[in-house]
Structure formats: C-alpha cells, structure tokens
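Below is coords-v4.txt, holding compact mmCIF, C-alpha atoms.
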# COMPACT_ATOMS: atom_id res chain seq x y z
CA MET A 19 -35.64 27.66 66.35
CA LYS A 20 -35.30 28.61 62.67
CA TYR A 21 -32.42 26.13 62.32
CA LEU A 22 -34.41 23.39 64.04
CA ILE A 23 -37.33 23.85 61.62
CA ASN A 24 -34.92 23.71 58.70
CA ILE A 25 -33.31 20.51 60.03
CA ILE A 26 -36.76 18.89 60.40
CA LEU A 27 -37.54 19.95 56.81
CA ILE A 28 -34.24 18.45 55.64
CA VAL A 29 -35.03 15.10 57.30
CA LEU A 30 -38.50 15.19 55.69
CA ALA A 31 -36.88 15.91 52.33
CA ILE A 32 -34.58 12.90 52.73
CA ILE A 33 -37.58 10.70 53.59
CA LEU A 34 -39.32 12.03 50.47
CA GLN A 35 -36.20 11.34 48.39
CA THR A 36 -35.73 7.75 49.56
CA SER A 37 -39.34 6.62 49.76
CA VAL A 38 -41.64 8.77 47.61
CA PHE A 39 -39.60 10.05 44.67
CA SER A 40 -38.10 6.60 44.12
CA GLN A 41 -41.64 5.38 43.31
CA PHE A 42 -42.11 8.04 40.67
CA GLN A 43 -39.03 7.16 38.67
CA ILE A 44 -39.33 7.65 34.93
CA ASN A 45 -36.85 5.36 33.16
CA ASN A 46 -34.74 5.27 36.34
CA SER A 47 -34.56 9.04 36.54
CA MET A 48 -35.64 10.98 39.60
CA PRO A 49 -35.14 14.49 40.98
CA ASN A 50 -32.73 15.33 43.79
CA ILE A 51 -34.81 17.42 46.18
CA ILE A 52 -31.88 18.48 48.41
CA MET A 53 -29.94 19.91 45.46
CA LEU A 54 -33.05 21.68 44.15
CA VAL A 55 -33.81 23.35 47.49
CA ILE A 56 -30.19 24.51 47.87
CA ILE A 57 -30.15 26.03 44.38
CA SER A 58 -33.56 27.68 44.88
CA LEU A 59 -32.39 29.21 48.18
CA ILE A 60 -29.28 30.60 46.47
CA PHE A 61 -31.45 32.10 43.70
CA ILE A 62 -33.54 34.00 46.27
CA SER A 63 -30.40 35.13 48.17
CA ARG A 64 -30.97 32.93 51.24
CA GLN A 65 -27.33 31.87 51.54
CA LYS A 66 -27.46 30.98 55.26
CA GLU A 67 -30.34 28.54 54.80
CA ALA A 68 -28.71 27.19 51.64
CA LEU A 69 -25.49 26.52 53.54
CA LEU A 70 -27.42 24.71 56.30
CA TRP A 71 -29.19 22.56 53.69
CA LEU A 72 -25.82 21.88 52.05
CA ILE A 73 -24.14 20.78 55.28
CA VAL A 74 -26.96 18.76 56.86
CA GLY A 75 -28.85 17.67 53.73
CA SER A 76 -25.81 16.50 51.75
CA LEU A 77 -24.39 14.64 54.75
CA LEU A 78 -27.69 12.81 55.36
CA LEU A 79 -27.96 12.06 51.63
CA ASP A 80 -24.45 10.59 51.75
CA MET A 81 -25.40 8.43 54.73
CA SER A 82 -28.33 6.91 52.85
CA SER A 83 -26.81 6.70 49.38
CA PRO A 84 -25.14 3.70 47.72
CA PHE A 85 -22.25 5.87 46.51
CA ARG A 86 -18.94 6.54 48.20
CA PHE A 87 -19.35 8.60 51.37
CA GLY A 88 -18.89 12.30 50.62
CA TYR A 89 -20.03 12.10 46.98
CA TYR A 90 -23.10 14.29 47.42
CA PHE A 91 -21.42 16.64 49.90
CA LEU A 92 -18.54 17.36 47.55
CA THR A 93 -20.52 17.63 44.29
CA ILE A 94 -23.26 19.79 45.81
CA SER A 95 -20.56 21.95 47.47
CA VAL A 96 -19.05 22.61 44.03
CA LEU A 97 -22.49 23.57 42.70
CA PHE A 98 -23.15 25.75 45.76
CA PHE A 99 -20.01 27.85 45.34
CA ILE A 100 -20.36 28.18 41.55
CA LEU A 101 -23.96 29.37 41.86
CA LEU A 102 -23.17 31.61 44.84
CA ARG A 103 -20.47 33.31 42.79
CA LEU A 104 -22.81 33.67 39.80
CA THR A 105 -25.69 35.10 41.86
CA ASN A 106 -23.43 37.53 43.74
CA THR A 107 -21.68 38.75 40.60
CA TYR A 108 -24.11 38.52 37.70
CA PHE A 109 -27.71 37.91 38.73
CA ALA A 110 -30.17 37.29 41.51
CA ASN A 111 -33.71 35.97 41.07
CA PRO A 112 -33.13 34.52 37.58
CA SER A 113 -35.94 34.39 35.03
CA LEU A 114 -37.93 31.22 34.31
CA ILE A 115 -35.83 30.20 31.30
CA PHE A 116 -32.52 31.03 32.94
CA SER A 117 -33.41 29.23 36.19
CA ALA A 118 -34.53 26.17 34.18
CA LEU A 119 -31.20 26.19 32.34
CA LEU A 120 -29.27 26.43 35.63
CA PHE A 121 -31.28 23.58 37.21
CA PHE A 122 -30.54 21.46 34.15
CA LEU A 123 -26.80 22.23 34.22
CA ALA A 124 -26.64 21.63 37.98
CA SER A 125 -28.29 18.23 37.52
CA ILE A 126 -25.76 17.32 34.82
CA ILE A 127 -22.84 18.38 37.04
CA LEU A 128 -24.26 16.30 39.93
CA ASP A 129 -24.58 13.15 37.78
CA LEU A 130 -21.48 13.55 35.63
CA PRO A 131 -18.94 11.96 38.04
CA ILE A 132 -21.12 8.79 38.35
CA VAL A 133 -21.51 8.55 34.58
CA ILE A 134 -17.76 8.99 34.04
CA ILE A 135 -16.66 6.57 36.79
CA SER A 136 -19.10 3.75 36.01
CA TYR A 137 -19.96 4.29 32.35
CA ASN A 138 -22.88 2.35 30.92
CA SER A 139 -24.49 2.98 27.52
CA SER A 140 -27.83 4.10 28.96
CA MET A 141 -26.41 6.35 31.67
CA PRO A 142 -26.17 9.50 29.51
CA ILE A 143 -29.88 9.13 28.69
CA ILE A 144 -30.72 8.87 32.37
CA MET A 145 -28.51 11.85 33.07
CA LEU A 146 -30.53 13.90 30.55
CA LEU A 147 -33.85 12.62 31.90
CA ASN A 148 -32.70 13.47 35.43
CA GLY A 149 -31.94 16.96 34.14
CA ILE A 150 -35.44 17.39 32.69
CA TYR A 151 -37.08 15.98 35.84
CA ASN A 152 -34.99 18.31 38.02
CA VAL A 153 -35.93 21.30 35.86
CA ILE A 154 -39.66 20.62 36.24
CA ILE A 155 -39.57 20.11 40.02
CA GLY A 156 -36.86 22.76 40.51
CA VAL A 157 -38.72 25.59 38.76
CA VAL A 158 -41.90 24.90 40.77
CA LEU A 159 -39.88 24.78 43.99
CA TYR A 160 -37.99 27.97 43.15
CA TYR A 161 -41.17 29.96 42.46
CA PHE A 162 -42.80 28.55 45.59
CA LEU A 163 -39.83 29.51 47.82
CA ASP A 164 -39.56 32.90 46.11
CA TYR A 165 -43.23 33.57 46.90
CA TYR A 166 -42.90 32.18 50.46
CA TYR A 167 -39.83 34.26 51.40
CA ARG A 168 -40.86 37.44 49.56
CA PRO A 169 -41.25 40.30 52.08
CA LYS A 170 -44.93 41.00 52.58
CA ASP A 171 -46.17 44.58 52.74
CA SER A 172 -46.86 45.55 56.31
CA ILE A 173 -48.84 48.68 55.44
CA ARG A 174 -51.98 48.27 53.41
CA LEU A 175 -53.43 51.26 51.60
CA THR A 176 -57.18 51.34 51.55
CA MET B 125 -18.12 33.89 58.10
CA LYS B 126 -18.77 31.85 61.26
CA ASN B 127 -21.03 29.55 59.22
CA TYR B 128 -18.24 28.96 56.73
CA ARG B 129 -15.89 27.98 59.59
CA TYR B 130 -18.39 25.20 60.44
CA TYR B 131 -18.54 24.28 56.79
CA ILE B 132 -14.76 23.99 56.46
CA SER B 133 -14.52 21.80 59.61
CA ILE B 134 -17.20 19.48 58.23
CA LEU B 135 -15.58 19.51 54.78
CA VAL B 136 -12.33 18.26 56.32
CA LEU B 137 -14.20 15.45 58.13
CA VAL B 138 -16.07 14.53 54.93
CA LEU B 139 -12.80 14.42 52.97
CA ILE B 140 -11.33 12.06 55.61
CA GLY B 141 -14.50 9.93 55.36
CA PHE B 142 -14.25 9.97 51.55
CA VAL B 143 -10.66 8.70 51.67
CA ILE B 144 -11.18 5.98 54.30
CA TYR B 145 -14.58 4.83 52.94
CA PRO B 146 -13.14 1.79 51.04
CA LEU B 147 -11.76 0.45 54.35
CA GLY B 148 -15.38 -0.09 55.48
CA ILE B 149 -14.84 1.42 58.92
CA LEU B 150 -17.35 4.26 58.76
CA PRO B 151 -19.79 3.39 61.55
CA PHE B 152 -22.61 5.74 60.57
CA LYS B 153 -23.37 4.51 57.03
CA GLY B 154 -26.79 2.94 57.45
CA THR B 155 -27.42 4.40 60.92
CA PHE B 156 -29.44 7.32 59.63
CA GLU B 157 -31.53 5.01 57.43
CA LYS B 158 -32.27 2.91 60.51
CA LEU B 159 -33.46 6.02 62.37
CA ILE B 160 -35.79 7.23 59.63
CA SER B 161 -36.94 3.75 58.58
CA PRO B 162 -40.38 3.85 60.33
CA PHE B 163 -41.21 7.21 58.71
CA ALA B 164 -39.79 6.19 55.33
CA LYS B 165 -41.80 2.95 55.43
CA ALA B 166 -45.02 4.83 56.31
CA ALA B 167 -44.42 7.41 53.55
CA SER B 168 -43.63 4.67 51.05
CA THR B 169 -46.75 2.65 51.93
CA PHE B 170 -48.96 5.74 51.76
CA THR B 171 -47.54 6.81 48.38
CA LEU B 172 -47.83 3.33 46.93
CA GLY B 173 -51.42 3.01 48.19
CA THR B 174 -52.43 6.37 46.74
CA LYS B 175 -50.65 5.68 43.45
CA ASN B 176 -52.29 2.26 43.15
CA PHE B 177 -55.73 3.68 43.99
CA PHE B 178 -55.64 6.19 41.11
CA PHE B 179 -53.94 3.71 38.81
CA ASN B 180 -56.64 1.09 39.46
CA ILE B 181 -59.43 3.59 38.77
CA SER B 182 -57.88 4.38 35.40
CA GLN B 183 -57.55 0.69 34.61
CA ILE B 184 -61.06 -0.59 35.46
CA ASN B 185 -61.91 -1.75 31.92
CA LYS B 186 -58.56 -3.43 31.50
CA LEU B 187 -58.81 -5.03 34.95
CA THR B 188 -62.18 -6.57 34.12
CA LYS B 189 -60.66 -8.25 31.08
CA ILE B 190 -57.58 -9.32 33.05
CA ASN B 191 -59.87 -10.73 35.76
CA GLN B 192 -61.70 -12.83 33.18
CA ASP B 193 -58.40 -14.05 31.71
CA LEU B 194 -57.10 -14.91 35.18
CA ALA B 195 -60.26 -16.86 35.99
CA ASN B 196 -59.68 -18.92 32.83
CA GLN B 197 -56.03 -19.37 33.76
CA ILE B 198 -57.00 -20.59 37.25
CA LEU B 199 -59.14 -23.29 35.71
CA GLN B 200 -56.26 -24.31 33.45
CA LEU B 201 -53.78 -24.21 36.36
CA LYS B 202 -56.06 -26.33 38.54
CA ALA B 203 -56.02 -28.96 35.85
CA ASP B 204 -52.23 -28.69 35.53
CA ASN B 205 -51.86 -28.82 39.31
CA THR B 206 -53.73 -32.10 39.45
CA LYS B 207 -51.38 -33.53 36.83
CA CYS B 208 -48.35 -32.18 38.75
CA SER B 209 -49.53 -33.74 42.01
CA GLU B 210 -49.79 -37.06 40.26
CA ILE B 211 -46.30 -36.66 38.76
CA ALA B 212 -44.89 -35.61 42.17
CA HIS B 213 -46.41 -38.72 43.69
CA GLN B 214 -44.88 -40.91 40.99
CA ASN B 215 -41.55 -39.10 41.41
CA GLU B 216 -41.59 -39.78 45.15
CA ILE B 217 -42.17 -43.45 44.57
CA LEU B 218 -39.42 -43.63 41.93
CA GLN B 219 -36.93 -41.78 44.16
CA LYS B 220 -37.59 -44.26 46.97
CA GLU B 221 -37.12 -47.10 44.52
CA LEU B 222 -33.78 -45.60 43.42
CA GLY B 223 -32.64 -45.09 47.03
CA PHE B 224 -32.56 -41.29 47.15
CA SER B 225 -32.35 -39.82 50.66
CA GLU B 226 -35.49 -38.00 51.67
CA GLY B 227 -34.20 -34.44 52.19
CA SER B 228 -36.33 -31.41 52.63
CA GLN B 229 -37.06 -29.81 49.26
CA GLY B 230 -38.83 -26.77 50.74
CA ILE B 231 -37.24 -23.37 50.47
CA ASN B 232 -36.56 -21.68 53.79
CA THR B 233 -37.24 -17.98 53.45
CA THR B 234 -37.46 -14.97 55.76
CA PRO B 235 -39.88 -12.13 54.97
CA ALA B 236 -38.63 -8.55 55.13
CA ALA B 237 -40.14 -5.13 54.45
CA ILE B 238 -38.58 -2.57 52.13
CA ILE B 239 -37.91 0.54 54.20
CA SER B 240 -36.19 2.77 51.69
CA ARG B 241 -34.79 2.87 48.18
CA SER B 242 -31.68 4.29 46.61
CA PRO B 243 -31.84 8.10 46.41
CA SER B 244 -30.32 7.89 42.93
CA GLY B 245 -31.84 6.16 39.90
CA PHE B 246 -28.40 5.07 38.68
CA VAL B 247 -28.06 2.36 41.33
CA GLN B 248 -31.06 0.09 41.81
CA GLU B 249 -31.01 -0.85 45.48
CA PHE B 250 -33.44 -1.41 48.39
CA THR B 251 -32.89 -1.20 52.12
CA ILE B 252 -34.81 -3.85 54.08
CA ASN B 253 -35.66 -4.12 57.77
CA LYS B 254 -33.68 -7.32 58.45
CA GLY B 255 -29.98 -7.45 59.25
CA SER B 256 -27.25 -9.53 60.83
CA LYS B 257 -29.29 -9.82 64.06
CA ASP B 258 -31.96 -11.69 62.05
CA GLY B 259 -29.41 -14.09 60.60
CA ILE B 260 -29.23 -12.45 57.18
CA GLN B 261 -26.05 -13.27 55.27
CA SER B 262 -24.35 -11.51 52.42
CA GLY B 263 -24.98 -12.88 48.91
CA ARG B 264 -28.26 -14.65 49.77
CA PRO B 265 -30.95 -14.54 47.05
CA VAL B 266 -33.94 -12.26 47.52
CA LEU B 267 -37.29 -13.31 46.05
CA SER B 268 -40.70 -11.87 45.35
CA ASP B 269 -43.59 -14.11 44.26
CA GLY B 270 -41.00 -16.86 43.83
CA TYR B 271 -38.99 -14.82 41.32
CA LEU B 272 -35.41 -13.74 41.98
CA ILE B 273 -35.16 -9.97 42.39
CA GLY B 274 -31.60 -9.58 43.68
CA THR B 275 -29.08 -10.50 46.34
CA ILE B 276 -28.08 -9.19 49.75
CA SER B 277 -25.11 -6.88 49.27
CA GLU B 278 -24.45 -5.04 52.54
CA ILE B 279 -25.52 -6.01 56.03
CA TYR B 280 -25.93 -3.86 59.14
CA ASP B 281 -27.32 -4.83 62.56
CA THR B 282 -30.99 -4.40 61.76
CA THR B 283 -31.02 -3.46 58.08
CA SER B 284 -29.52 -4.78 54.84
CA LYS B 285 -29.12 -3.60 51.28
CA VAL B 286 -30.54 -5.60 48.37
CA PHE B 287 -28.61 -5.33 45.11
CA LEU B 288 -31.27 -5.72 42.39
CA LEU B 289 -31.02 -7.77 39.20
CA THR B 290 -31.84 -4.63 37.23
CA ASN B 291 -28.62 -3.00 38.40
CA TYR B 292 -26.24 -2.29 35.55
CA LYS B 293 -23.44 -4.13 37.41
CA SER B 294 -25.52 -7.29 38.02
CA LEU B 295 -24.42 -10.54 36.32
CA VAL B 296 -26.14 -13.84 37.16
CA PRO B 297 -25.41 -17.26 35.55
CA VAL B 298 -28.68 -18.68 34.22
CA VAL B 299 -30.04 -21.64 32.29
CA LEU B 300 -32.99 -21.74 29.89
CA GLN B 301 -35.40 -24.41 31.10
CA ASN B 302 -36.26 -26.22 27.85
CA SER B 303 -33.31 -25.62 25.54
CA ARG B 304 -30.82 -25.95 28.47
CA GLY B 305 -28.77 -23.11 27.00
CA THR B 306 -26.66 -21.37 29.60
CA GLY B 307 -25.71 -17.71 29.68
CA LEU B 308 -25.22 -14.65 31.82
CA LEU B 309 -28.19 -12.56 32.86
CA LYS B 310 -27.15 -8.95 32.64
CA GLY B 311 -28.91 -6.14 34.44
CA GLY B 312 -29.16 -2.74 32.94
CA LEU B 313 -31.19 0.37 32.80
CA GLU B 314 -32.66 -0.75 29.47
CA GLY B 315 -33.95 -4.04 30.95
CA LEU B 316 -32.72 -7.57 31.56
CA SER B 317 -30.96 -9.59 28.86
CA ILE B 318 -29.05 -12.86 28.66
CA LYS B 319 -25.81 -12.94 26.73
CA ASP B 320 -23.24 -15.64 25.84
CA ILE B 321 -25.80 -18.37 25.00
CA ALA B 322 -24.27 -21.02 22.73
CA ILE B 323 -25.26 -20.65 19.08
CA ASP B 324 -26.56 -24.25 18.87
CA SER B 325 -29.13 -23.77 21.67
CA GLN B 326 -32.66 -24.02 20.30
CA ILE B 327 -34.16 -21.13 22.25
CA GLN B 328 -37.94 -20.91 22.43
CA VAL B 329 -39.71 -17.63 23.09
CA GLY B 330 -41.59 -17.93 26.38
CA GLU B 331 -39.39 -20.59 27.96
CA LYS B 332 -38.55 -20.11 31.63
CA ILE B 333 -35.20 -18.75 32.81
CA LEU B 334 -33.70 -20.19 35.99
CA THR B 335 -30.51 -19.61 37.96
CA SER B 336 -27.93 -22.21 36.90
CA GLY B 337 -26.01 -22.31 40.18
CA LEU B 338 -22.71 -21.96 38.31
CA GLY B 339 -20.10 -20.18 40.39
CA GLY B 340 -21.82 -21.23 43.60
CA ASP B 341 -23.02 -17.73 44.51
CA LEU B 342 -26.70 -18.54 44.02
CA PRO B 343 -28.57 -21.84 44.35
CA GLN B 344 -29.80 -23.35 41.12
CA GLY B 345 -33.40 -23.43 39.97
CA ILE B 346 -34.70 -20.03 41.10
CA VAL B 347 -37.10 -18.62 38.51
CA ILE B 348 -36.16 -15.26 36.99
CA GLY B 349 -38.55 -14.74 34.09
CA GLU B 350 -39.08 -15.93 30.56
CA VAL B 351 -37.53 -15.39 27.16
CA GLU B 352 -39.15 -12.41 25.45
CA LYS B 353 -37.28 -12.43 22.14
CA ILE B 354 -33.92 -13.24 20.57
CA ILE B 355 -32.14 -9.96 19.96
CA SER B 356 -28.80 -11.19 18.57
CA LYS B 357 -28.15 -11.27 14.81
CA GLU B 358 -27.50 -14.48 12.88
CA SER B 359 -23.89 -13.44 12.24
CA GLU B 360 -23.05 -13.27 15.96
CA ILE B 361 -21.17 -16.15 17.59
CA PHE B 362 -23.33 -16.13 20.72
CA GLN B 363 -27.05 -15.61 21.11
CA ILE B 364 -28.53 -12.79 23.18
CA VAL B 365 -32.13 -12.76 24.38
CA SER B 366 -34.22 -10.13 26.12
CA VAL B 367 -36.04 -11.20 29.27
CA LYS B 368 -39.67 -10.71 30.18
CA TYR B 369 -39.52 -9.94 33.89
CA PRO B 370 -42.91 -10.09 35.64
CA ILE B 371 -42.02 -8.25 38.84
CA ASN B 372 -42.60 -4.49 39.09
CA LEU B 373 -39.80 -3.50 41.46
CA ASN B 374 -41.26 -0.05 42.11
CA LYS B 375 -44.40 -1.56 43.61
CA LEU B 376 -42.77 -4.02 45.99
CA GLU B 377 -43.29 -3.66 49.73
CA VAL B 378 -42.36 -7.08 51.09
CA ILE B 379 -39.69 -9.46 49.84
CA PHE B 380 -38.35 -12.87 50.94
CA ILE B 381 -34.74 -13.73 51.67
CA GLN B 382 -33.76 -17.33 50.99
CA LYS B 383 -31.63 -18.75 53.79
Take the structure in the file and give it back as structure tokens.
Amino acid sequence: MKYLINIILIVLAIILQTSVFSQFQINNSMPNIIMLVIISLIFISRQKEALLWLIVGSLLLDMSSPFRFGYYFLTISVLFFILLRLTNTYFANPSLIFSALLFFLASIILDLPIVIISYNSSMPIIMLLNGIYNVIIGVVLYYFLDYYYRPKDSIRLT
Amino acid sequence: MKNYRYYISILVLVLIGFVIYPLGILPFKGTFEKLISPFAKAASTFTLGTKNFFFNISQINKLTKINQDLANQILQLKADNTKCSEIAHQNEILQKELGFSEGSQGINTTPAAIISRSPSGFVQEFTINKGSKDGIQSGRPVLSDGYLIGTISEIYDTTSKVFLLTNYKSLVPVVLQNSRGTGLLKGGLEGLSIKDIAIDSQIQVGEKILTSGLGGDLPQGIVIGEVEKIISKESEIFQIVSVKYPINLNKLEVIFIQK
C-alpha cells in the first residue's frame, strides 16, 4: 500500500514537472522535482522510499524527456549513491546552508552532461539558474518532508 | 539488499536501452506521455488559467491602455483591409489576364492541443495530441496566430513532438520582406536572431520576417516576426539582426499544424 501511494505521488510529480513547472520557467530554467524529492528523502534517512523514487521516477522522467533514454536514470543514480555515501558516513539531516549547497551541486551534476555534450554559450547560465531554482524548491521540500516524516510523540504530558 | 537487486536488474535494462536508443526501436518512449496526457492537459490548463487570472489583475491599468491602442489599431486595420480587398480583387483580375491557373491559396491546417512540455528547460519542445493516425507528418510547420513556432520532430500513433524555433539547435532559412535580404534564423536561449544576411541588404527595423523556403524543408512565406534591431558591427562581413517574436510560447494551449 505504501509503495502504491508513492507510485501515485511519483506520477503526480511527473505531471507537475511536464505541465506546471514548465510554465514557471525563468530564463528557461526550471526545477527537477524528482531529483529534489530523492535527495530530500536521503537527507532524512528514508533510503527505501528514495530508491523507489529513483527507480520509478527516473524511468518515467526518461520516458517523457527529449534526451537519450536512460539519461535521468543514470545521472540521478550517480547522485543517489554519492549522497547516500555522504549521509551514511558524514552527516544526516544537514543544516539549511549545507542542504542548499548540496541541492545546488546536485543540480549542477544533473545538468553538466547536457551542457558538455551540446554546448551553447547560454547553457552555463541556465545551469546556474537551474541550480538556484532547485535550491529554493529543494530546501522547502526537504523541510516539509523532514517535518512530515518526523516521529510524533505518542505520549503527551499534561 | 533485495531492493538493490531490483535496482541492478533495472539498471542493466536501462543500460541496454541507453545503448540501443539511437536505433529508434524503443517502443515505450512516448507511451507514458500518452497515458498521462489527459491529466497533464488538465493540470496545464488549470495552471495557465490561474496564472493568467493573477497576471491580468496586476495588469489592469496597462490593459486599459492596451485596449485603447488596440481599438485604434482596429480602425486603422479596417481601413487597410479595405485597401487590401481592393488590391486582391485587382490581383485576381490581373492573374486571369496573365493566364495563371486558379489554385487554392488557402492554408490547410489541423488544430492540436499541447499536452505536455519538455521536463528540461535546455530543450524547448511540446508534445501535442495529434500523431500519425491523424495524418501528421514529420517536418511540417507548426503555427500559432499565423506565426511559425516550430516543426514536427517526432511522431507517435496519437501524439507528436514539436521542435520549437527557440531551440538552440533550430536553424530556419528566412527572408526579410522589404529588403529581401536572406539569412538563417537561429534559435537560442537568449532569443531569436538572424545571421548571414548580406552586407548590402538595406534592413529596416520593424520589417516582417518570413520563411524563404530555401532547402525545401518549410514552405515559403510563413510569418515569423519582425526585425527588432541590427546587432552586428559595421566591421562584420555579414549582418545579424535580433528578432521581435510576438508569441509567448509558455502561454500556448492550442497550435495549428500546416499540412
């Protein structure tokens, strides 16, 4: 049941990505909601859900993207394992500044192969704008998911 | 660990898909978009409506002035239209006198709705709800309000992809209406521009830009926009102009495919 709800959420996220976020582009930059959810779930130590979002979300993103099939799956997989290693070894629940920095770097890593393969003078600017956009949406999403998944006290002292 | 076994199996399949992708034999590219298209269309329409509602409220003063300007323009255009009708009538008579065959000059177009957009801002692309079953062919021009917005790039059974003029890879041969200078319209994330215009062309700011039909990919005479300003320096051997493009691609819902 939990998996089914997550899969419905992933499909909703893809619909958001392809129909809503594309209308809020700022100089052709837009956030990547699937990547942001995966990173946020890793930050709050929800690896199982993050892996499900990686497998299903990246595959669906690949099916609806103009890039070569597998692009999103492979780049987000790289990000997933780097961040998983970092969270398991060095930190969990990063601070606001540190999480913003990681969202920015993740966005750059996601866009870098496109910029290198099909270089155009304005692409680095879009890559940076994408990074800023992803930081803004990513930090909000991270704090929301952190609050949502935080264990609630079952005993209340009066 | 069990989850990672699933992941590795899928990774292998994705790697195979990645390698064989250029062969164009992956059957599921476009299938998922077809499945979510009704929901994506509804979400897109709702977002656009909401965005426009708040945008219009913030623009009331400006809209009043624009409305007044448009009313004046309508009067002017009515007068021009009368002149054009008279010229068309004269043209018809002259063509008959010269023995031209009376072919249909109307443009045959098919309307289509935009169901989703590229999930990345790097590639400017739409998916529309018409495909090979509706007789859509690759390379056909796509219009909005009579202006060229792109061409059909990929076709599936019931959907197609539209490669937009604003794409950084887009190159369209064009002609400037008054000066008759020809050049290549280049897309790009910084806006449209025309390069390789001969240095002796007397370009006028505001003159219309049309497709030239050179190369045979696109029919000639489709309006694209107008010259905004000349951006090349005097020392350059070709002229470059920036293009004023009147269509806001983010606000489009319906487009027309020329057959």
| field | For region 92-97 of chain A: contacts at 10 Å, all atoms listed in the file, fewer than 6 positions along chain excluded, given as number ranges by chain | value | A: 52-53, 56-57, 69, 72-73, 75-77, 80, 103, 123-125, 127-131; B: 131, 135, 138-139, 142
| said: Could you list, as a PyMOL selection string, every residue within 9 Å of Leu295 (chain B), counting all atoms listed in the file and ignoring same-chain residues fewer than 5 positions away? | reply: chain B and resi 289+308-311
| said: Based on only C-alpha atoms, which of the residues in chain B come within 6 Å of chain A? I want them as a ChimeraX atom specification. | reply: /B:138,142,153,157,164,168,240-241,243,245,374
| request: Pick out the closest residue to Leu54 (chain A) from this set: A:Leu22, A:Ile155, A:Ile150, A:Leu163. Count only C-alpha atoms. | output: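 Selected residue with least distance to Leu54 (chain A): A:Ile155.
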| Surrounding residues of Leu376 (chain B) excluding itself and chain neighbours under 3 positions, 9 Å, all atoms listed in the file, as a ChimeraX atom specification | /B:172,237-238,268,371-373,379
Dump as a CSV table (one decimal) with C-alpha atoms, in the frame of the given file all residues having an atom at most 12 Å from (-30.1, -6.7, 41.3), computed in the file's coordinates with all atoms listed in the file.
chain,number,residue,atom,x,y,z
B,247,VAL,CA,-28.1,2.4,41.3
B,248,GLN,CA,-31.1,0.1,41.8
B,249,GLU,CA,-31.0,-0.8,45.5
B,250,PHE,CA,-33.4,-1.4,48.4
B,263,GLY,CA,-25.0,-12.9,48.9
B,264,ARG,CA,-28.3,-14.6,49.8
B,265,PRO,CA,-31.0,-14.5,47.0
B,266,VAL,CA,-33.9,-12.3,47.5
B,267,LEU,CA,-37.3,-13.3,46.0
B,272,LEU,CA,-35.4,-13.7,42.0
B,273,ILE,CA,-35.2,-10.0,42.4
B,274,GLY,CA,-31.6,-9.6,43.7
B,275,THR,CA,-29.1,-10.5,46.3
B,276,ILE,CA,-28.1,-9.2,49.8
B,277,SER,CA,-25.1,-6.9,49.3
B,285,LYS,CA,-29.1,-3.6,51.3
B,286,VAL,CA,-30.5,-5.6,48.4
B,287,PHE,CA,-28.6,-5.3,45.1
B,288,LEU,CA,-31.3,-5.7,42.4
B,289,LEU,CA,-31.0,-7.8,39.2
B,290,THR,CA,-31.8,-4.6,37.2
B,291,ASN,CA,-28.6,-3.0,38.4
B,292,TYR,CA,-26.2,-2.3,35.6
B,293,LYS,CA,-23.4,-4.1,37.4
B,294,SER,CA,-25.5,-7.3,38.0
B,295,LEU,CA,-24.4,-10.5,36.3
B,296,VAL,CA,-26.1,-13.8,37.2
B,309,LEU,CA,-28.2,-12.6,32.9
B,310,LYS,CA,-27.2,-9.0,32.6
B,311,GLY,CA,-28.9,-6.1,34.4
B,312,GLY,CA,-29.2,-2.7,32.9
B,313,LEU,CA,-31.2,0.4,32.8
B,315,GLY,CA,-34.0,-4.0,31.0
B,316,LEU,CA,-32.7,-7.6,31.6
B,348,ILE,CA,-36.2,-15.3,37.0
B,373,LEU,CA,-39.8,-3.5,41.5
| field | Point (-33.7, 40.4, 43.2) neighbourhood (12 Å, all atoms listed in the file) written as a list in words | value |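 Protein and nucleic acid residues near the point are Ile60, Phe61, Ile62, Ser63, Arg64, Thr105, Asn106, Tyr108, Phe109, Ala110, Asn111, Pro112, Ser113, Asp164, Tyr167, Arg168 and Pro169 of chain A.
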| Gap from CA of Val299 (chain B) to CA of Ile346 (chain B) - Å, one decimal |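 Pair CA of Val299 (chain B) / CA of Ile346 (chain B) returns 10.1 Å.
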| said: Rounded to one decimal, what separation in Å do you get between CA of Glu360 (chain B) and CA of Glu314 (chain B)? | reply: 20.8 Å
| query | Which distance in Å separates CA of Leu342 (chain B) and CA of Val298 (chain B), to one decimal? | reply |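 Taking CA of Leu342 (chain B) and CA of Val298 (chain B), their separation equals 10.0 Å.
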| said: Can you pull out the residues contacting Asn302 (chain B)? Cut-off 9 Å, using all atoms listed in the file, and skip same-chain residues under 2 positions away; I want them as a count of residues only. | reply: 9
| message | My list of candidates is A:Leu147, A:Ile25, A:Pro142, A:Phe98. Which is closest to Phe122 (chain A) when distances are computed with all atoms listed in the file? | response |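 Looking at the shortest contact to Phe122 (chain A), the residue is A:Leu147.
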